[in-house]
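Scroll down for the structure; my scribbles are underneath it.
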2 protein chains.
Amino acid sequence: MSLRSVPDVAVRRLTQYYRALCSCRDRGIDVVSSQALGEMLNLTAAQIRKDLSYFGGFGKQGIGYNVHALLEQLRRILGVDRTWPMALVGLGNLGHALLHYQGFPEEGFRIVAVFDTDPRKVGTTVQGLTIHDDSEIGEVIPRLGIRIALLAVPPDKAQEVTDLLIRAGVRAILNYAPVTLKVPEGVWVRQMDPLAALESMTYYLVAGGERA
Amino acid sequence: MSLRSVPDVAVRRLTQYYRALCSCRDRGIDVVSSQALGEMLNLTAAQIRKDLSYFGGFGKQGIGYNVHALLEQLRRILGVDRTWPMALVGLGNLGHALLHYQGFPEEGFRIVAVFDTDPRKVGTTVQGLTIHDDSEIGEVIPRLGIRIALLAVPPDKAQEVTDLLIRAGVRAILNYAPVTLKVPEGVWVRQMDPLAALESMTYYLVAGGERA
DNA sequence: AGTTTTCTGTCAACTGCTTGACAATCGTGA
DNA sequence: TCACGATTGTCAAGCAGTTGACAGAAAACT
């Protein structure tokens, strides 16, 4: 079903389609065309039909896509039709914000283990979770069957923690550290770097009038 | 100098080069080859040379790139050789975390105006900044010459606030709301959506062994 | 029942990014 | 001073993703 050869950009767009369809559902829309979806997301209709066709023919000619049915399919394809236990490593400002972020549990992502190295924090409790030392990663992660980690540690610790996580069974890392992680085949990393995002925009602001 | 025709992917990689070079500088490295940079960032050497060549020949044949000189150039190109005043809209959990994020001021991004709609917050002070009501966007933003905004409002308010920001002169938006914003030509948006990032990884976790 | 309209799925053309290859250049050491 | 090893900048080829176009199918309308 989900062969390789689906370009990664298409997979990322799938998440956009998922959001847009949720919005349609909440507004009571039952059927939506690729055209309409495209207008919501600033994409061409052809793009959307192509992306969806990687996974099967979900639409009806002359009609469009059934919002409810397509949502089901996307939930299955993206794997959001289940609960994902996650580990959070690093309990600084950012770590705390992530721990309290409502969006994660709402979509089935649950932080079930928290790690930090600060001896003043280790052993104490946040949100009902005992804070573990990083050295316990190797024991706790496999025990809880965790395959996803949120990485919110200082840049200089990021690679070392990553190695521990991967050895413990983690296969997907949401990396908030401004560092390019080295990971083996089969491990997925997404970078969440607000500064990189800002700097890629200031480039255009400096370029100024020259438009794009 | 910075013509269009530079692909956006290349601009985004420029921010990676900038980080990698900072790291080189901090480790006392004076000269670096495209090969070495590529190994740090998991990119091909040809890719890096091509990207840099969009902006001029910064390297020396047989030698490589002078770390200090290239950093200067990148700072200029990316526009991080100055201070950028920013507006923060939305003071929830996330907004507070952004307000306290050290990384922004360290790289010259300074939050100089804060907006929210909660009447209990408006008029009070955080981090030495008076919280304004969203309705004051049109007055405050032009007065402070702000061209960058951090958007941390609920999804249903995002577009409406965006329209206000743009009318006030904002040209770059770091959007934390899981919503595709409609913006005119010449306005730049970067999406910061941890759920989208997670879901684009769970796709591969579900696909399972099939690798990529 | 037939005609028109709408909209999907897919093919092929197109566009744009990435990569390999190589001449040109620089420093080093004989 | 000359040869050698290293490394850039760039060209052209290759690859991948996007887009336009159209046949086929479904409903709506007449």
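Identifiers in the structure tokens: chain A, B, ... in order shown; residue index from 1 per chain; ligand index from 1 in order shown.
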Residue hits in chain A, query chain C, radius 6 Å, only C-alpha atoms (C1' of nucleotides), as a list of chain:residue names
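My answer is A:Gln61, A:Gly62, A:Ile63.
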How about saving the chosen residues, C-alpha atoms kept, as a tab-separated table (two decimals), in the first residue's frame?
```tsv
chain	number	residue	atom	x	y	z
A	61	GLN	CA	-15.46	11.58	-10.43
A	62	GLY	CA	-17.92	14.39	-10.87
A	63	ILE	CA	-18.34	14.68	-7.11
```
Give me, as a PyMOL selection string, the contact residues of chain A against chain D at a cut-off of 10 Å, counting only C-alpha atoms (C1' of nucleotides).
chain A and resi 7+9-10+44-47+50+60-63
Could you give me, as JSON lines, every chain B residue with an atom at most 6 Å from chain A, plus its closest atom pair and distance in Å to one decimal, counting only C-alpha atoms, rows ordered by chain then number?
```
{"residue": "B:Arg12", "atom": "CA", "partner": "A:Ser200", "partner_atom": "CA", "distance": 5.4}
{"residue": "B:Thr15", "atom": "CA", "partner": "A:Ala196", "partner_atom": "CA", "distance": 5.6}
{"residue": "B:Leu41", "atom": "CA", "partner": "A:Thr180", "partner_atom": "CA", "distance": 5.8}
{"residue": "B:Leu78", "atom": "CA", "partner": "A:Tyr203", "partner_atom": "CA", "distance": 4.3}
{"residue": "B:Gly79", "atom": "CA", "partner": "A:Thr202", "partner_atom": "CA", "distance": 5.7}
{"residue": "B:Thr180", "atom": "CA", "partner": "A:Leu41", "partner_atom": "CA", "distance": 5.8}
{"residue": "B:Gly186", "atom": "CA", "partner": "A:Arg211", "partner_atom": "CA", "distance": 6.0}
{"residue": "B:Ala196", "atom": "CA", "partner": "A:Thr15", "partner_atom": "CA", "distance": 5.6}
{"residue": "B:Glu199", "atom": "CA", "partner": "A:Leu78", "partner_atom": "CA", "distance": 6.0}
{"residue": "B:Ser200", "atom": "CA", "partner": "A:Arg12", "partner_atom": "CA", "distance": 5.4}
{"residue": "B:Thr202", "atom": "CA", "partner": "A:Gly79", "partner_atom": "CA", "distance": 5.6}
{"residue": "B:Tyr203", "atom": "CA", "partner": "A:Leu78", "partner_atom": "CA", "distance": 4.3}
{"residue": "B:Val206", "atom": "CA", "partner": "A:Gly79", "partner_atom": "CA", "distance": 5.9}
{"residue": "B:Arg211", "atom": "CA", "partner": "A:Gly186", "partner_atom": "CA", "distance": 5.9}
```
Mind listing the helix (DSSP H, G or I) residues of range 20-166 of chain A, per DSSP on the backbone, as number ranges by chain?
A: 20-26, 34-41, 45-53, 67-78, 93-99, 103-106, 134-144, 155-166
Kindly save the residues from that selection, with C-alpha atoms included, as a PDB file, in the first residue's frame.
```pdb
ATOM      1  CA  ALA A  20      -7.925  21.047   6.160  1.00  0.00           C
ATOM      2  CA  LEU A  21     -10.310  18.107   6.170  1.00  0.00           C
ATOM      3  CA  CYS A  22     -10.727  18.334   9.944  1.00  0.00           C
ATOM      4  CA  SER A  23     -11.663  21.954   9.432  1.00  0.00           C
ATOM      5  CA  CYS A  24     -14.176  20.957   6.737  1.00  0.00           C
ATOM      6  CA  ARG A  25     -15.695  18.345   9.029  1.00  0.00           C
ATOM      7  CA  ASP A  26     -16.021  20.866  11.851  1.00  0.00           C
ATOM      8  CA  SER A  34      -9.461  18.989  -5.023  1.00  0.00           C
ATOM      9  CA  GLN A  35     -10.105  22.482  -6.312  1.00  0.00           C
ATOM     10  CA  ALA A  36     -11.621  23.614  -3.011  1.00  0.00           C
ATOM     11  CA  LEU A  37      -8.890  21.965  -0.941  1.00  0.00           C
ATOM     12  CA  GLY A  38      -6.317  23.636  -3.136  1.00  0.00           C
ATOM     13  CA  GLU A  39      -7.797  27.051  -2.476  1.00  0.00           C
ATOM     14  CA  MET A  40      -7.692  26.425   1.266  1.00  0.00           C
ATOM     15  CA  LEU A  41      -4.037  25.400   1.175  1.00  0.00           C
ATOM     16  CA  ALA A  45      -5.828  20.891  -7.626  1.00  0.00           C
ATOM     17  CA  ALA A  46      -3.594  18.616  -9.704  1.00  0.00           C
ATOM     18  CA  GLN A  47      -1.060  18.494  -6.895  1.00  0.00           C
ATOM     19  CA  ILE A  48      -3.632  17.297  -4.426  1.00  0.00           C
ATOM     20  CA  ARG A  49      -5.115  14.677  -6.726  1.00  0.00           C
ATOM     21  CA  LYS A  50      -1.643  13.377  -7.490  1.00  0.00           C
ATOM     22  CA  ASP A  51      -0.665  13.177  -3.830  1.00  0.00           C
ATOM     23  CA  LEU A  52      -3.826  11.312  -2.876  1.00  0.00           C
ATOM     24  CA  SER A  53      -3.518   8.995  -5.854  1.00  0.00           C
ATOM     25  CA  VAL A  67     -14.654  14.364   3.906  1.00  0.00           C
ATOM     26  CA  HIS A  68     -15.367  11.717   6.505  1.00  0.00           C
ATOM     27  CA  ALA A  69     -14.088   8.808   4.428  1.00  0.00           C
ATOM     28  CA  LEU A  70     -10.925  10.618   3.356  1.00  0.00           C
ATOM     29  CA  LEU A  71     -10.220  11.638   6.945  1.00  0.00           C
ATOM     30  CA  GLU A  72     -10.409   7.989   7.970  1.00  0.00           C
ATOM     31  CA  GLN A  73      -7.979   7.049   5.245  1.00  0.00           C
ATOM     32  CA  LEU A  74      -5.542   9.813   6.110  1.00  0.00           C
ATOM     33  CA  ARG A  75      -5.670   8.922   9.790  1.00  0.00           C
ATOM     34  CA  ARG A  76      -4.744   5.389   8.867  1.00  0.00           C
ATOM     35  CA  ILE A  77      -2.011   6.399   6.405  1.00  0.00           C
ATOM     36  CA  LEU A  78      -0.439   8.944   8.749  1.00  0.00           C
ATOM     37  CA  ASN A  93      11.796  26.445  29.398  1.00  0.00           C
ATOM     38  CA  LEU A  94      11.056  24.744  26.134  1.00  0.00           C
ATOM     39  CA  GLY A  95      10.664  21.302  27.660  1.00  0.00           C
ATOM     40  CA  HIS A  96       8.073  22.593  30.094  1.00  0.00           C
ATOM     41  CA  ALA A  97       6.152  24.281  27.326  1.00  0.00           C
ATOM     42  CA  LEU A  98       6.102  21.020  25.363  1.00  0.00           C
ATOM     43  CA  LEU A  99       4.984  19.109  28.434  1.00  0.00           C
ATOM     44  CA  GLY A 103      -2.177  19.717  21.056  1.00  0.00           C
ATOM     45  CA  PHE A 104      -0.123  16.563  21.568  1.00  0.00           C
ATOM     46  CA  PRO A 105      -2.648  14.559  23.613  1.00  0.00           C
ATOM     47  CA  GLU A 106      -5.493  15.828  21.472  1.00  0.00           C
ATOM     48  CA  ASP A 134      19.389  10.613  30.928  1.00  0.00           C
ATOM     49  CA  SER A 135      21.323   7.512  31.930  1.00  0.00           C
ATOM     50  CA  GLU A 136      17.999   5.699  32.401  1.00  0.00           C
ATOM     51  CA  ILE A 137      17.006   6.180  28.773  1.00  0.00           C
ATOM     52  CA  GLY A 138      18.265   2.737  27.877  1.00  0.00           C
ATOM     53  CA  GLU A 139      16.010   1.108  30.434  1.00  0.00           C
ATOM     54  CA  VAL A 140      12.844   3.226  30.404  1.00  0.00           C
ATOM     55  CA  ILE A 141      12.322   3.681  26.666  1.00  0.00           C
ATOM     56  CA  PRO A 142      12.190   0.005  25.700  1.00  0.00           C
ATOM     57  CA  ARG A 143      10.077  -0.807  28.757  1.00  0.00           C
ATOM     58  CA  LEU A 144       7.411   1.704  27.687  1.00  0.00           C
ATOM     59  CA  PRO A 155      22.946  21.859  21.294  1.00  0.00           C
ATOM     60  CA  ASP A 156      26.127  20.326  22.660  1.00  0.00           C
ATOM     61  CA  LYS A 157      24.227  17.445  24.291  1.00  0.00           C
ATOM     62  CA  ALA A 158      21.937  16.741  21.348  1.00  0.00           C
ATOM     63  CA  GLN A 159      23.989  14.162  19.455  1.00  0.00           C
ATOM     64  CA  GLU A 160      24.979  12.231  22.543  1.00  0.00           C
ATOM     65  CA  VAL A 161      21.369  11.994  23.746  1.00  0.00           C
ATOM     66  CA  THR A 162      20.266  11.061  20.231  1.00  0.00           C
ATOM     67  CA  ASP A 163      22.642   8.113  20.220  1.00  0.00           C
ATOM     68  CA  LEU A 164      21.213   6.896  23.519  1.00  0.00           C
ATOM     69  CA  LEU A 165      17.642   7.296  22.273  1.00  0.00           C
ATOM     70  CA  ILE A 166      18.269   5.389  19.081  1.00  0.00           C
TER      71      ILE A 166
END
```
Work out how far CA of Asp133 in chain A is from CA of Arg27 in chain B, in Å to one decimal.
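CA of Arg27 in chain B sits 28.2 Å away from CA of Asp133 in chain A.
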Could you check how far CA of Pro119 in chain B sits from CA of Ala168 in chain B, in Å to one decimal?
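Between CA of Pro119 in chain B and CA of Ala168 in chain B the gap works out to 22.0 Å.
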For CA of Gly128 in chain A and CA of Leu91 in chain B, the interatomic separation in Å (one decimal):
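Interatomic distance here is 25.4 Å.
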Of A:Arg167, A:Asp116, A:Thr124, A:Gly90, the one sitting nearest Val153 in chain A when using only C-alpha atoms is A:Gly90
